[in-house]
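A.B. asks: Just passing along the structure, written as structure tokens.
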Amino acid sequence: MDIIARAENAIKGIMVKDKFNNNILLLKTGHIRKFLTSVNLVRDRVEVYKMRGQEPDRLPPELVAEVKFLKVKLMYLAGREKNIVGAFVEKSGLIEMIDSIGDSTERFDTFAKYVQALGAFHKFYGGKDK
């Protein structure tokens, strides 16, 4: 499955029914935005590294550590609101994706695009701030 379809399915998978039987998202935009900001900061550092052209297909150890730390940030967000954010983390498979990145710039790029797609589908399907 491509990352776009996977992201859409993950967002659809966390929708719940309200009292009028409408599909709604309990996950707030802020939950995704905080994590997306962290991913974008790492992505910017990866892009600078790739432009230097030393070994553009492999991340250096310091960037590998930053990628791994994204898992900590995600687990913290999930731990604060287990029923909502925890369900999103589980359905999205973000932890498994982070674990599979290793030192691959290609897998990191795919991961970063996936997180962006999650944010886009969240907004498209009615995700709100409040």
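Convention: chains lettered A, B, ... in structure tokens order; per-chain residue numbering from 1; ligands numbered from 1 as shown.
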Check the DSSP output for the backbone and give back, as a ChimeraX atom specification, the residues of chain A in alpha helix (DSSP H).

C.D. replies: /A:3-13,29-52,61-80,87-92,94-101,105-124

A.B. asks: Write out as a PDB file with C-alpha atoms, in the first residue's frame each polymer residue whose atoms come within 9 Å of A:Ile3, counting only C-alpha atoms; drop sequence neighbours fewer than 4 positions from it.

C.D. replies:
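In the end it all went to selection08.pdb:
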ATOM      1  CA  ALA A   7      -2.387   7.739   5.683  1.00  0.00           C
ATOM      2  CA  GLU A   8      -5.995   8.065   4.576  1.00  0.00           C
ATOM      3  CA  THR A 110       9.007   8.406   2.968  1.00  0.00           C
ATOM      4  CA  PHE A 111       8.254   8.698   6.687  1.00  0.00           C
ATOM      5  CA  LYS A 113       5.847  12.495   3.597  1.00  0.00           C
ATOM      6  CA  TYR A 114       3.620  10.027   5.428  1.00  0.00           C
ATOM      7  CA  ALA A 117      -0.187  13.093   4.495  1.00  0.00           C
TER       8      ALA A 117
END

A.B. asks: Choose the residue, out of A:Val46, A:Val67, A:Val39, A:Met75, that has the smallest atom-to-atom separation from A:Val115; count only C-alpha atoms.

C.D. replies: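 Once distances to A:Val115 are computed over only C-alpha atoms, the minimum belongs to A:Val39.
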
A.B. asks: Taking only C-alpha atoms into account, name the residue in A:Leu74, A:Glu62, A:Val85, A:Lys12 that is nearest to A:Met97.

C.D. replies: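 Going through A:Leu74, A:Glu62, A:Val85, A:Lys12 one by one, the smallest distance to A:Met97 is for A:Leu74.
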
A.B. asks: Mind pulling up the distance from atom CA of A:Asp129 to atom CA of A:Lys34?

C.D. replies: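 If I compute the distance from atom CA of A:Lys34 to atom CA of A:Asp129, I get 12.2 Å.
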
A.B. asks: Measuring between only C-alpha atoms, which one of A:Ala112, A:Ile98, A:Ala65, A:Ala120 shows the shortest distance to A:Ile11?

C.D. replies: A:Ala120

A.B. asks: Using only C-alpha atoms, determine which residues lie at most 12 Å from A:Gly13, disregarding the query and same-chain residues fewer than 2 positions distant; provide the list as a ChimeraX atom specification.

C.D. replies: /A:5-11,15-17,23-27,84,87-93,118,121-122,125

A.B. asks: With a distance cut-off of 12 Å and only C-alpha atoms, select the neighbouring residues of A:Pro61, excluding the residue or stretch itself and same-chain residues fewer than 6 positions from it, and output the selection as a list in words.

C.D. replies: Val46, Tyr49, Val67, Lys68, Gly102, Asp103 and Ser104 of chain A

A.B. asks: Dump all heavy atoms for the selected residues as an mmCIF file, in the first residue's frame?

C.D. replies:
data_model
loop_
_atom_site.group_PDB
_atom_site.id
_atom_site.type_symbol
_atom_site.label_atom_id
_atom_site.label_comp_id
_atom_site.auth_asym_id
_atom_site.auth_seq_id
_atom_site.Cartn_x
_atom_site.Cartn_y
_atom_site.Cartn_z
ATOM 1 N N VAL A 46 18.221 16.877 7.549
ATOM 2 C CA VAL A 46 18.548 15.809 6.588
ATOM 3 C C VAL A 46 18.783 16.408 5.205
ATOM 4 O O VAL A 46 19.726 16.028 4.505
ATOM 5 C CB VAL A 46 17.432 14.733 6.557
ATOM 6 C CG1 VAL A 46 17.618 13.782 5.388
ATOM 7 C CG2 VAL A 46 17.394 13.967 7.875
ATOM 8 N N TYR A 49 22.144 18.020 5.045
ATOM 9 C CA TYR A 49 23.163 16.968 4.973
ATOM 10 C C TYR A 49 23.248 16.394 3.555
ATOM 11 O O TYR A 49 24.336 16.207 3.016
ATOM 12 C CB TYR A 49 22.841 15.857 5.982
ATOM 13 C CG TYR A 49 23.758 14.688 5.865
ATOM 14 C CD1 TYR A 49 25.058 14.735 6.372
ATOM 15 C CD2 TYR A 49 23.351 13.517 5.222
ATOM 16 C CE1 TYR A 49 25.923 13.658 6.248
ATOM 17 C CE2 TYR A 49 24.204 12.441 5.097
ATOM 18 C CZ TYR A 49 25.485 12.519 5.605
ATOM 19 O OH TYR A 49 26.338 11.461 5.467
ATOM 20 N N VAL A 67 16.383 11.045 14.559
ATOM 21 C CA VAL A 67 15.245 10.288 14.029
ATOM 22 C C VAL A 67 14.696 9.367 15.114
ATOM 23 O O VAL A 67 13.480 9.300 15.339
ATOM 24 C CB VAL A 67 15.640 9.491 12.767
ATOM 25 C CG1 VAL A 67 14.543 8.512 12.375
ATOM 26 C CG2 VAL A 67 15.955 10.438 11.616
ATOM 27 N N LYS A 68 15.570 8.669 15.813
ATOM 28 C CA LYS A 68 15.125 7.775 16.880
ATOM 29 C C LYS A 68 14.422 8.547 17.999
ATOM 30 O O LYS A 68 13.475 8.052 18.602
ATOM 31 C CB LYS A 68 16.310 6.994 17.457
ATOM 32 C CG LYS A 68 16.826 5.922 16.531
ATOM 33 C CD LYS A 68 17.998 5.182 17.157
ATOM 34 C CE LYS A 68 18.518 4.115 16.240
ATOM 35 N NZ LYS A 68 19.652 3.396 16.819
ATOM 36 N N GLY A 102 16.285 3.398 10.334
ATOM 37 C CA GLY A 102 17.727 3.140 10.446
ATOM 38 C C GLY A 102 18.517 4.353 10.012
ATOM 39 O O GLY A 102 18.282 5.460 10.493
ATOM 40 N N ASP A 103 19.430 4.171 9.048
ATOM 41 C CA ASP A 103 20.223 5.293 8.550
ATOM 42 C C ASP A 103 19.891 5.634 7.097
ATOM 43 O O ASP A 103 20.662 6.292 6.408
ATOM 44 C CB ASP A 103 21.722 5.026 8.714
ATOM 45 C CG ASP A 103 22.217 3.890 7.835
ATOM 46 O OD1 ASP A 103 21.389 3.213 7.176
ATOM 47 O OD2 ASP A 103 23.448 3.674 7.796
ATOM 48 N N SER A 104 18.726 5.214 6.639
ATOM 49 C CA SER A 104 18.326 5.428 5.252
ATOM 50 C C SER A 104 17.635 6.777 5.054
ATOM 51 O O SER A 104 16.588 7.039 5.643
ATOM 52 C CB SER A 104 17.370 4.309 4.821
ATOM 53 O OG SER A 104 16.767 4.615 3.581
#

A.B. asks: Select from chain A everything DSSP, run on the backbone, classes as strand (DSSP E), then give the selection as a VMD selection string.

C.D. replies: chain A and resid 16 to 17 23 to 24

A.B. asks: Produce a file of the selected residues containing N, CA and C atoms, as a short mmCIF file (atom, residue, chain, number, x, y, z; two decimals), in the first residue's frame.

C.D. replies:
data_model
loop_
_atom_site.label_atom_id
_atom_site.label_comp_id
_atom_site.auth_asym_id
_atom_site.auth_seq_id
_atom_site.Cartn_x
_atom_site.Cartn_y
_atom_site.Cartn_z
N VAL A 16 -14.80 8.22 14.91
CA VAL A 16 -15.83 7.64 15.78
C VAL A 16 -17.17 8.26 15.41
N LYS A 17 -18.23 7.65 15.86
CA LYS A 17 -19.58 8.15 15.59
C LYS A 17 -20.01 9.08 16.73
N ASN A 23 -19.58 10.60 11.41
CA ASN A 23 -18.17 10.29 11.67
C ASN A 23 -17.45 11.57 12.09
N ILE A 24 -16.73 11.50 13.20
CA ILE A 24 -15.96 12.64 13.67
C ILE A 24 -14.57 12.18 14.10
#

A.B. asks: Would you mind reading off the distance between atom CA of A:Lys71 and atom CA of A:Arg58, one decimal, in Å?

C.D. replies: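 Taking atom CA of A:Lys71 as the start and atom CA of A:Arg58 as the end point, the length is 19.3 Å.
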
A.B. asks: State, in Å with one decimal place, the distance from atom CA of A:Phe108 to atom CA of A:Gly30.

C.D. replies: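 Atom-to-atom, atom CA of A:Phe108 to atom CA of A:Gly30, that is 22.5 Å.
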
A.B. asks: Using only C-alpha atoms, can you tell me which of A:Asn21, A:Glu81, A:Asp2, A:Lys28 comes closest to A:Gly126?

C.D. replies: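 Under the stated criterion, the closest residue is A:Lys28.
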
A.B. asks: Looking at only C-alpha atoms, which of A:Lys19, A:His31, A:Arg43, A:Arg52 is the one that sits closest to A:Asp109?

C.D. replies: A:Arg43

A.B. asks: With only C-alpha atoms as the basis for distance, which of A:Thr29, A:Ser100, A:Asn83, A:Thr105 is at the shortest distance from A:Asp44?

C.D. replies: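 Once distances to A:Asp44 are computed over only C-alpha atoms, the minimum belongs to A:Thr105.
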